[in-house]
Structures are given as structure tokens and as C-alpha cells.
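One structure below.
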Amino acid sequence: MTAQVTHFERLGVPAAPDVDLAVAERNYLRLSRALHPDFQAPGDEAAAERANDATARLNEAWSVISDPEARAEYLLELRDPGILDRAKTLSPAFLAEAMELSEEAETARRDPAAARALRARVQADADARLASVLAPAAWGQPDTRRLATTLHELRVLRRVLRDLGSP
Amino acid sequence: MSPDPQAAAAGPIIGIDLGTTNSLAAIMGQDGPRVLPDKDGEALIPSVVSFLDGGRQIVGREARAMAILNPRRTVYSVKRLMGRGFEDVAAERAILPYAIGPSDQAKLVLVDIDGGKLTPQEISALVLAKVRDVAQAALGQKVERAVITVPAYFDDAQRQATRDAAKIAGLTALRIVNEPTAAALAYGLHTRKEGTIVVYDLGGGTFDVSVLKITQGVFKVLATTGDTHLGGDDFDQLIMKQILDLVAARTGTDLKVRPEALQQIRLSAEALKIRLSTDERAVLDVDVGAGAPLRYELTRAGFEALIAPWIERTLERCRAALADARLQPGAVDEVVLVGGSTRIPAVRRAVETLFGRKAHAELDPDKVVALGAAVQADILAGGSRDLLLLDVIPLSLGIETVGGAFAKLITRNSTVPCRATEMFSTSVDNQTAIEINVFQGERELVKDCRELGRFKLRGLPAMPAGLPRAEVTFLVDADGVLTVSAKEQRSGLEASIDVVPSHGLTREQVKGIIRDSIVHAQDDFKARDLVEMRNKAHNLVTGTRRVLGMKEMPFTPAQRSELEADIARLEQLAQGEDVAALKQAADDFGHKTQALADDVIGAAIKAELQRASGQLKG
């Protein structure tokens, strides 16, 4: 891997957990209009190829930056490459809790009211964890291992929410 | 397709709706997009190709008229077969009257016309060529480039097949656009700042519903679903059945066994249905031969009761699409009606009730997709930069990993163009090639997904296992079509990639088809080839006969009888219709007699010299 333009740089926003999404989106759309293959001279295959590639990179940047969790994971990897892989071990306490949630989700399958209640609870838990990860204070002298663990826990909670289905 | 880039850069870009039932073209004009009609003022071209005796084929309205009379050789609904494998189209096979078979190499579907095998791409190309011809006549200009629409759910193979069909027809498909997106463009909904749009498309044979989101001139498909066997044809069938039952009950005549009568009643049933969109009742007098004609009457209320279960099925799909997009019906800002069947007042009412708002039906629902394609064509031609169309990939794309697991590289609904890179290495020492199997779908195992193709990565440096690092880039372009490239990281070599599409044509196959294109020549390849081959066989036979008759030729009796047998076989084949067999026999015979021909020339010259010297002596 050669030194690459980061997703933050590509969208012209500072590399921070709390980006101004309105600014990022405005830049994304402006750059899309400049680079998109639709706006290249028809018939120029080399230009079309470059445009496809450049726009694909831009789309990838936007998909990461616009998703708070993906953004946090990406930022963490920029600060401490490989940390998400190294900090995969979750605490026994959390694993027990997750196991319990999965069982609850299983029984709530036939009970819409229980499913709704469980969903709200897990959602609140996930929101709180996400808020803690996105807090700029957490990134001053970041405890990257702790952030990585929280992000892994978030992934588990998302899976529970997905299994519970849409509200 | 012009080799001259200057010539290719000139000329208009048209929008084409390549539909299951009808196709048509449109172009952007001074006052917005307009459709391009034929000399009779008709813009809608039935997507039907009929192959006639003598190798001629007709496309469009005339072809549709042949559907009942020439059912085995009249191909319609070929869009249902595009980019599909033989096993995918079991449902279609049961319905379509023409023959469909599997191909031997890739899992392609082939349409069988009297033993001649055609790919769906080639048949679609005939339809596209017809649309192009109509457009050229309407514009008085050569047309070489187009924007072509496809259903939002079309996967990579189906999009690629559409692009190949254009190529075979001699058209460059500058962009493949989703039909619901095009419909929204036709209504100028892209000028909205923000909004959620539902496109309800009930055509002749298919139903699609899509939820689109627009943000600052950028379109995105949030969800799309439908029913590939639900449409206006079902309504015709319902009316037809009532008429046939009436005739059978009153006269004891079963019209089902009479194709001509059946065709007549089918057309009458369709006409009744159309009349009931404006009239409260419609009457049909059925001529049953003897005595007074039978009167069949249908009221609008009666018709609506008949089709109610079908309409409800479309509403169910609408609710499913909304659930996919995580939206309530009330959150929808605009509803767009597409497809001829949305002219039915009951359909319109049901949709408007579900979404609680008036639906857009100002434009002709049969033409709105083509009009939208023309809007996008204008953007590509540099006419407008207000709008940016960001379509998404309808299905996740990934590769097969150990144990047949499906590893997603690009997730569903990612904005196109998009890319993913993946590192590959070798598992055996000195291995120089890696096979990568690419799939599209949402399931966990590749066996539940759709295979797109096999990519063979070649030219890796011979190294111990695990040492080569091949970076493979999967790029899905703005049309939603995949290309794959690879680079070996240690050597910096571009590894070469061979692509074998699972349900499509390789680049070479497309080139081959274009080379002996039935479309370019504007006459049927089979007839043309047959005439050519017959001529060739005839020349070979007379030539050889002449040689056999020459006294100077030193043939052994065995050689003689072998050649006689070959000639007899060639003559027999020349009388038949099997071009392939005739070509094979002629080629074989040609090779065999080539050596012979050289001898003949030698002998002839010798004889000539002898004669000449004899004259000199004399």
C-alpha cells in the first residue's frame, strides 16, 4: 500500500469523529459533478475509466464518512493500524450479556410487544456506546484498544438488532 | 461502432426503453423530451421478432401479428431471458411457445428457431436495431449512441447482456439507467431538493415498484421489488376466459383449439379492457359461424371485480418495498405511474389510496421511461449538468471463499461506480494462476447466490506458496457492470485476467456475433449463409465433376468412388436447410480436393503444352 489520500482528505473535512456531514455531503456532490463518468466526453474510454475509478473512490469515501460507525472504525485504523484486529477479544461480562440478549431475541420472536421493548433497550445501549466513541474527548489521547473494543461491541449489538427485524 | 472517433462523436444520443412487451425511443428537444414515432405515427414498437420462411425476419407490429399463426418462430418477452441461465427460466419455458434450450459452455439460454440457435442478446439486438431504424427515420440522422433502460433489479449479467445486445445492434450503450429512475427524470422530479418517490410500474407482463430518494439533484434507489408475472396480459386472459366460457356454454364450441379465433378473441379482450378505462360498459359480438352472433357484455364494475385480486397483489409488493426502505406510506412525496395498465382507473385509485396522494399520470405511462432515458441522454451529450444520477448496485457482490462461503466485497445499495480491492495469494509452491469465482446475492453461501463469472488470474511469478500478493480490484462502473483487474505486488506485474461469464457472452463471443451479425447485414444470416454455402457446394461439385471427367487424371477406382460419395452427400445437404452441416461438409470436401485441384492445374497445363507442341509438330 502506498501513501493514500484518506477518505477525510478526499471529502475535504478534518479527520475527526464528529465531522460536519452537511459540509462533507456538499463537497461529495460537488466533486461527483466534477468527476462522474456521466460528465466526460462520450467515446473517450480512457477518460471514462479514470472517471469511474475516481468516482468509485469518492463514493467509497462518502459511504464511510456518512456512516458514524464506519467513520469511527476508519479513523481508529488511521490512528492505530491493525487495532481492530488486535482488540477482538471482548470481556466475558459483555459476552454473557450478548448471549442473554440473543436468547431474549429468540423468545421475543413470537411476541411483538416484547420484541419492541427489547429493540428499544438494545438501541439505547448501542446509541450510548456510539455516542461515547464519537465524543471528540475520547480522541485527544485515544485509548485505541478501548475504542476498538467498544466498536466491536457495537457490531454485536447491531447483529442483535438485525435479528430482531425492523420495528 | 464507427472506427472514426470523429464520426462516432457526432450524431444524436437517443433514449431507449427496451421493454418486455414494447420498446421505443425518445430524444431531448427544445421543449423537453419527445418520443420518436414511425412513419405511421406509432412510437411503441412491440418487442417481438418473427422468423419467416426463406430466412426473413420481421420485428415489431407485423411480428406481433404472427404470434398465434407462427408461434414456434415468433419470439416475444425475450427480456425475460436476458442474462439468465437455462435453469433460471423454468417458469418462462412453461409459458413461452417458442423453443428454449441450454447452451453447452456457459449456462446461457438459447432460443431455437428451426434448429438455428440464437442468444437472447441477438434477438434483443434485432429489436434495438428496429428501434434505431425508426429513430433514424424520424430524425433524418444516423444514430449510433443511446441510453438504454433496465429494471432496477437487473443484476450484472442482465445489464451486461443488455449492453451486448446494443453492441450487436451496432449501438453504443453510453449508459444503462434504471427504469424507475428514468420515469422520475421524465417528470422532472430531479429538480426537487429533497424527496421520496415511489414508481409503480404495471406493464403488459411485469410489475415493478421502486422507492427512490432524491437529495440535491442526486437520485438513489432505496428499494425495489415486484412480480415478474403480473400485468395487463393477465387481465386480457381473464376476459378471454369469460368469452370462451360463454361461447362454450351457448354453442358447445371450443374455440381454444382454433388458433385464428383465439388470436381474434385475445385482441378483442384487450380492446374491451382498454374501452372500460373510459366507458362504463363494453360489448363484444362474437361471430360463432352459424346464426346470430353471441353478445358478451362487461361493465367496468364487473371488470374491476375480476382484476381486484391482481391489484391487491401489487399493493402487497408496494408495502414490501416500503418496508425495505423503512418508510411508511405517508412518508412518500411523489408517486409516479408507469406502464399501460396504470390507465385502468381501478389501478390508479388503489395506488392513490395506499399512498394517500394523487399520482403522476400526466405523461403517457407507456412512454415515460423512454422520455426519462432521453433526459439522461441529454446529460451525457453535455446538454445539462443540473442533474447527477447516482444509481446503486441492486445486489451485493463478492467472492467464494473456503467451504463455499460468500464473502461480500461490495454491499447491496452501494452507489455506483464503486470498487473493492482484495489480496489473493497462492496455496501451492510455484503456483502461477489463481481462480476467483465472483457471485452476486444476499445469502451466506455461494450456492444460494448467483454466479457472475470465473476470473482466472494468470502470470503470477513462481514463488513459494503464500508469497505472491495479487491485489485484485473489482470495479462496478456507472452502469452497474463489473470489471476486474489485478496487480502482483511483489513483482509489480499486471497479472492477466481471463473472464468466463456464467450467464453471459465473453468479449470474443460478442465480437464473433457482431462479425457475422444478422443485424448489420439487415438480412437474415441463416438465409444468407445458406445461399452462400449452396453456391459454394455447387461450385465444388461441378468443379470436381469436371476433374473426374478428365481422362488425363490418374484416379484410382477407390478415389473415384470416395469422391462420388462425397459429392452425393454434399448435394443432398445442399437441398436441406442445415447450414452448419452443409458448411462442415463443404469445408471438409474443399480441403480434400485442394490437393487434387493443384494436380488438375498441373495436368491441365501439361495437356495444354502437349497440345501446343503437337500443333507445332503438325
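Labels used: A, B, ... for chains in the order of the C-alpha cells, numbers from 1 for residues in each chain, and numbers from 1 for ligands as shown.
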
Within 12 Å of Ala138 (chain A), counting only C-alpha atoms, which residues show up once you throw out same-chain ones fewer than 4 positions away? Write them as a PyMOL selection string, please.
-> chain A and resi 16-18+72+76+129-134+142-148+150

Chain A residues within 9 Å of chain B, counting only C-alpha atoms: which ones, as a PyMOL selection string?
-> chain A and resi 1+29+32-33+36-44+49+52-60+63+166-167

Just N, CA and C atoms for this one: save the residues we selected as an mmCIF file, in the first residue's frame.
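And here is the file that came out, part25.cif:
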data_model
loop_
_atom_site.group_PDB
_atom_site.id
_atom_site.type_symbol
_atom_site.label_atom_id
_atom_site.label_comp_id
_atom_site.auth_asym_id
_atom_site.auth_seq_id
_atom_site.Cartn_x
_atom_site.Cartn_y
_atom_site.Cartn_z
ATOM 1 N N MET A 1 0.837 -1.207 0.000
ATOM 2 C CA MET A 1 0.000 0.000 0.000
ATOM 3 C C MET A 1 0.868 1.252 0.000
ATOM 4 N N LEU A 29 -20.979 15.941 -3.344
ATOM 5 C CA LEU A 29 -21.798 16.174 -4.531
ATOM 6 C C LEU A 29 -21.068 17.066 -5.544
ATOM 7 N N SER A 32 -18.498 14.938 -7.154
ATOM 8 C CA SER A 32 -19.155 13.966 -8.039
ATOM 9 C C SER A 32 -19.476 14.609 -9.379
ATOM 10 N N ARG A 33 -19.992 15.812 -9.310
ATOM 11 C CA ARG A 33 -20.325 16.508 -10.554
ATOM 12 C C ARG A 33 -19.087 16.760 -11.402
ATOM 13 N N HIS A 36 -17.716 12.620 -12.204
ATOM 14 C CA HIS A 36 -18.562 11.496 -12.624
ATOM 15 C C HIS A 36 -18.431 11.179 -14.113
ATOM 16 N N PRO A 37 -18.409 9.873 -14.455
ATOM 17 C CA PRO A 37 -18.278 9.483 -15.867
ATOM 18 C C PRO A 37 -19.379 10.066 -16.758
ATOM 19 N N ASP A 38 -20.524 10.374 -16.180
ATOM 20 C CA ASP A 38 -21.600 10.972 -16.984
ATOM 21 C C ASP A 38 -21.186 12.283 -17.631
ATOM 22 N N PHE A 39 -20.235 12.950 -16.997
ATOM 23 C CA PHE A 39 -19.875 14.274 -17.494
ATOM 24 C C PHE A 39 -18.583 14.265 -18.299
ATOM 25 N N GLN A 40 -18.096 13.089 -18.671
ATOM 26 C CA GLN A 40 -16.918 13.003 -19.530
ATOM 27 C C GLN A 40 -17.376 12.966 -20.977
ATOM 28 N N ALA A 41 -16.469 13.356 -21.867
ATOM 29 C CA ALA A 41 -16.802 13.321 -23.292
ATOM 30 C C ALA A 41 -17.107 11.888 -23.703
ATOM 31 N N PRO A 42 -18.253 11.645 -24.327
ATOM 32 C CA PRO A 42 -18.593 10.278 -24.719
ATOM 33 C C PRO A 42 -17.561 9.731 -25.699
ATOM 34 N N GLY A 43 -17.273 8.458 -25.566
ATOM 35 C CA GLY A 43 -16.378 7.811 -26.525
ATOM 36 C C GLY A 43 -14.926 7.761 -26.080
ATOM 37 N N ASP A 44 -14.548 8.610 -25.124
ATOM 38 C CA ASP A 44 -13.173 8.585 -24.630
ATOM 39 C C ASP A 44 -13.067 7.536 -23.531
ATOM 40 N N GLU A 49 -12.702 5.476 -17.911
ATOM 41 C CA GLU A 49 -12.109 4.567 -16.939
ATOM 42 C C GLU A 49 -11.585 5.341 -15.724
ATOM 43 N N ASN A 52 -14.571 6.605 -13.754
ATOM 44 C CA ASN A 52 -15.190 5.531 -12.969
ATOM 45 C C ASN A 52 -14.384 5.262 -11.711
ATOM 46 N N ASP A 53 -13.067 5.212 -11.881
ATOM 47 C CA ASP A 53 -12.201 4.900 -10.758
ATOM 48 C C ASP A 53 -12.245 6.015 -9.712
ATOM 49 N N ALA A 54 -12.128 7.253 -10.193
ATOM 50 C CA ALA A 54 -12.117 8.388 -9.264
ATOM 51 C C ALA A 54 -13.457 8.496 -8.524
ATOM 52 N N THR A 55 -14.552 8.296 -9.250
ATOM 53 C CA THR A 55 -15.866 8.399 -8.624
ATOM 54 C C THR A 55 -16.088 7.252 -7.647
ATOM 55 N N ALA A 56 -15.566 6.083 -7.992
ATOM 56 C CA ALA A 56 -15.700 4.940 -7.084
ATOM 57 C C ALA A 56 -15.000 5.244 -5.760
ATOM 58 N N ARG A 57 -13.813 5.852 -5.833
ATOM 59 C CA ARG A 57 -13.086 6.206 -4.603
ATOM 60 C C ARG A 57 -13.868 7.249 -3.804
ATOM 61 N N LEU A 58 -14.463 8.174 -4.532
ATOM 62 C CA LEU A 58 -15.247 9.225 -3.884
ATOM 63 C C LEU A 58 -16.477 8.613 -3.190
ATOM 64 N N ASN A 59 -17.153 7.711 -3.903
ATOM 65 C CA ASN A 59 -18.331 7.051 -3.319
ATOM 66 C C ASN A 59 -17.953 6.260 -2.077
ATOM 67 N N GLU A 60 -16.792 5.613 -2.148
ATOM 68 C CA GLU A 60 -16.349 4.829 -1.004
ATOM 69 C C GLU A 60 -16.103 5.760 0.193
ATOM 70 N N SER A 63 -19.403 6.832 1.633
ATOM 71 C CA SER A 63 -20.123 5.767 2.341
ATOM 72 C C SER A 63 -19.512 5.536 3.726
ATOM 73 N N SER A 166 -37.080 -5.259 11.508
ATOM 74 C CA SER A 166 -37.409 -3.840 11.525
ATOM 75 C C SER A 166 -38.577 -3.584 12.488
ATOM 76 N N PRO A 167 -38.686 -2.370 13.027
ATOM 77 C CA PRO A 167 -39.729 -2.080 14.006
ATOM 78 C C PRO A 167 -41.124 -2.216 13.424
#

Minimum-distance residue to Thr181 (chain B), chosen among B:Val547, B:Ala373, B:Ser103, B:Gln328 (using only C-alpha atoms) = B:Ala373

Using CA of Pro102 (chain B) and CA of Gln121 (chain B) as the two end points, give the distance in Å to one decimal.
->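 These two atoms are separated by 14.4 Å.
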
Within 6 Å of Ala63 (chain B) using only C-alpha atoms, minus same-chain residues under 4 positions, as a ChimeraX atom specification | /B:48-50,58-59

Would you mind exporting the chosen residues as a CSV table (one decimal), in the first residue's frame, restricted to C-alpha atoms?
chain,number,residue,atom,x,y,z
B,48,VAL,CA,-41.4,-9.2,-30.9
B,49,VAL,CA,-39.3,-10.9,-33.6
B,50,SER,CA,-40.9,-13.3,-36.1
B,58,ILE,CA,-39.8,-9.1,-39.1
B,59,VAL,CA,-39.8,-7.0,-36.0

Å distance separating CA of Gly60 (chain B) from CA of Gly204 (chain B), one decimal place | 15.3 Å

Using DSSP on the backbone, list every residue of region 4-146 of chain A that comes out as helix (DSSP H, G or I), and give them as a ChimeraX atom specification.
-> /A:7-10,21-35,37-39,45-65,68-79,83-86,92-108,112-134,136-139,144-146

Sel. of strand (DSSP E or B) residues, region 252-483 of chain B, as a PyMOL selection string = chain B and resi 281-286+294-299+334-338+360+388-389+392+397-401+405-410+415+418-424+434-440+445+450-458+470-476+482-483

Identify which of the residues A:Ala34, A:Leu157, A:Leu151, A:Ala15 lies closest to Leu75 (chain A), counting only C-alpha atoms when measuring atom-to-atom distances.
-> A:Ala15

Give me the residues near region 254-268 of chain B as a PDB file with N, CA and C atoms, in the first residue's frame, where near means some atom within 7 Å (using only C-alpha atoms) and where sequence neighbours in that chain fewer than 3 positions away do not count.
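Written output follows (selection.pdb):
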ATOM      1  N   ILE B  68     -49.676 -15.826 -32.944  1.00  0.00           N
ATOM      2  CA  ILE B  68     -50.519 -17.009 -32.864  1.00  0.00           C
ATOM      3  C   ILE B  68     -50.340 -17.887 -34.098  1.00  0.00           C
ATOM      4  N   LEU B  69     -50.150 -17.249 -35.268  1.00  0.00           N
ATOM      5  CA  LEU B  69     -50.073 -18.008 -36.520  1.00  0.00           C
ATOM      6  C   LEU B  69     -48.735 -18.719 -36.683  1.00  0.00           C
ATOM      7  N   ASP B 236     -56.280  -9.455 -19.745  1.00  0.00           N
ATOM      8  CA  ASP B 236     -56.812  -9.920 -21.033  1.00  0.00           C
ATOM      9  C   ASP B 236     -57.243 -11.372 -20.927  1.00  0.00           C
ATOM     10  N   MET B 240     -60.787 -13.020 -21.686  1.00  0.00           N
ATOM     11  CA  MET B 240     -60.789 -14.046 -22.722  1.00  0.00           C
ATOM     12  C   MET B 240     -61.473 -15.318 -22.228  1.00  0.00           C
ATOM     13  N   LEU B 244     -64.653 -17.242 -23.830  1.00  0.00           N
ATOM     14  CA  LEU B 244     -64.584 -18.646 -24.263  1.00  0.00           C
ATOM     15  C   LEU B 244     -65.605 -19.497 -23.521  1.00  0.00           C
ATOM     16  N   ALA B 248     -68.637 -21.557 -25.235  1.00  0.00           N
ATOM     17  CA  ALA B 248     -68.732 -22.995 -24.988  1.00  0.00           C
ATOM     18  C   ALA B 248     -70.102 -23.341 -24.389  1.00  0.00           C
ATOM     19  N   ALA B 271     -59.076  -5.042 -26.387  1.00  0.00           N
ATOM     20  CA  ALA B 271     -59.810  -3.842 -26.789  1.00  0.00           C
ATOM     21  C   ALA B 271     -60.914  -3.518 -25.779  1.00  0.00           C
ATOM     22  N   LEU B 272     -61.612  -4.569 -25.300  1.00  0.00           N
ATOM     23  CA  LEU B 272     -62.656  -4.385 -24.281  1.00  0.00           C
ATOM     24  C   LEU B 272     -62.055  -3.735 -23.035  1.00  0.00           C
TER      25      LEU B 272
END

Which residue, A:Val5, A:Leu161, A:Ala126, A:Ala120, has the smallest gap to Ala61 (chain A) when you use only C-alpha atoms?
-> A:Val5

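Atom pair CA of Met66 (chain B) / CA of Leu52 (chain B) has a distance of 9.5 Å (rounded to one decimal).
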
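With distances restricted to only C-alpha atoms, A:Leu95 is the closest residue to Thr149 (chain A) from A:Leu95, A:Val19, A:Leu78, A:Ala124.
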
Give me the residues near Lys583 (chain B) as a compact mmCIF listing (two decimals) with C-alpha atoms, in the first residue's frame, where near means some atom within 10 Å (using only C-alpha atoms) and where sequence neighbours in that chain fewer than 5 positions away do not count.
# COMPACT_ATOMS: atom_id res chain seq x y z
CA ASP B 529 -25.30 -18.30 -45.20
CA LEU B 530 -27.46 -20.98 -46.77
CA GLU B 532 -23.61 -18.78 -49.88
CA MET B 533 -23.00 -22.34 -48.79
CA ARG B 534 -25.22 -23.74 -51.54
CA LYS B 536 -20.03 -22.95 -52.66
CA ALA B 537 -21.22 -26.57 -52.67
CA LEU B 570 -22.88 -32.57 -50.49
CA LEU B 573 -27.09 -31.42 -47.81
CA ALA B 574 -27.38 -28.52 -50.25
CA ASP B 578 -28.91 -27.29 -42.16
CA ASP B 588 -14.05 -30.95 -45.46
CA PHE B 589 -14.58 -31.59 -49.14
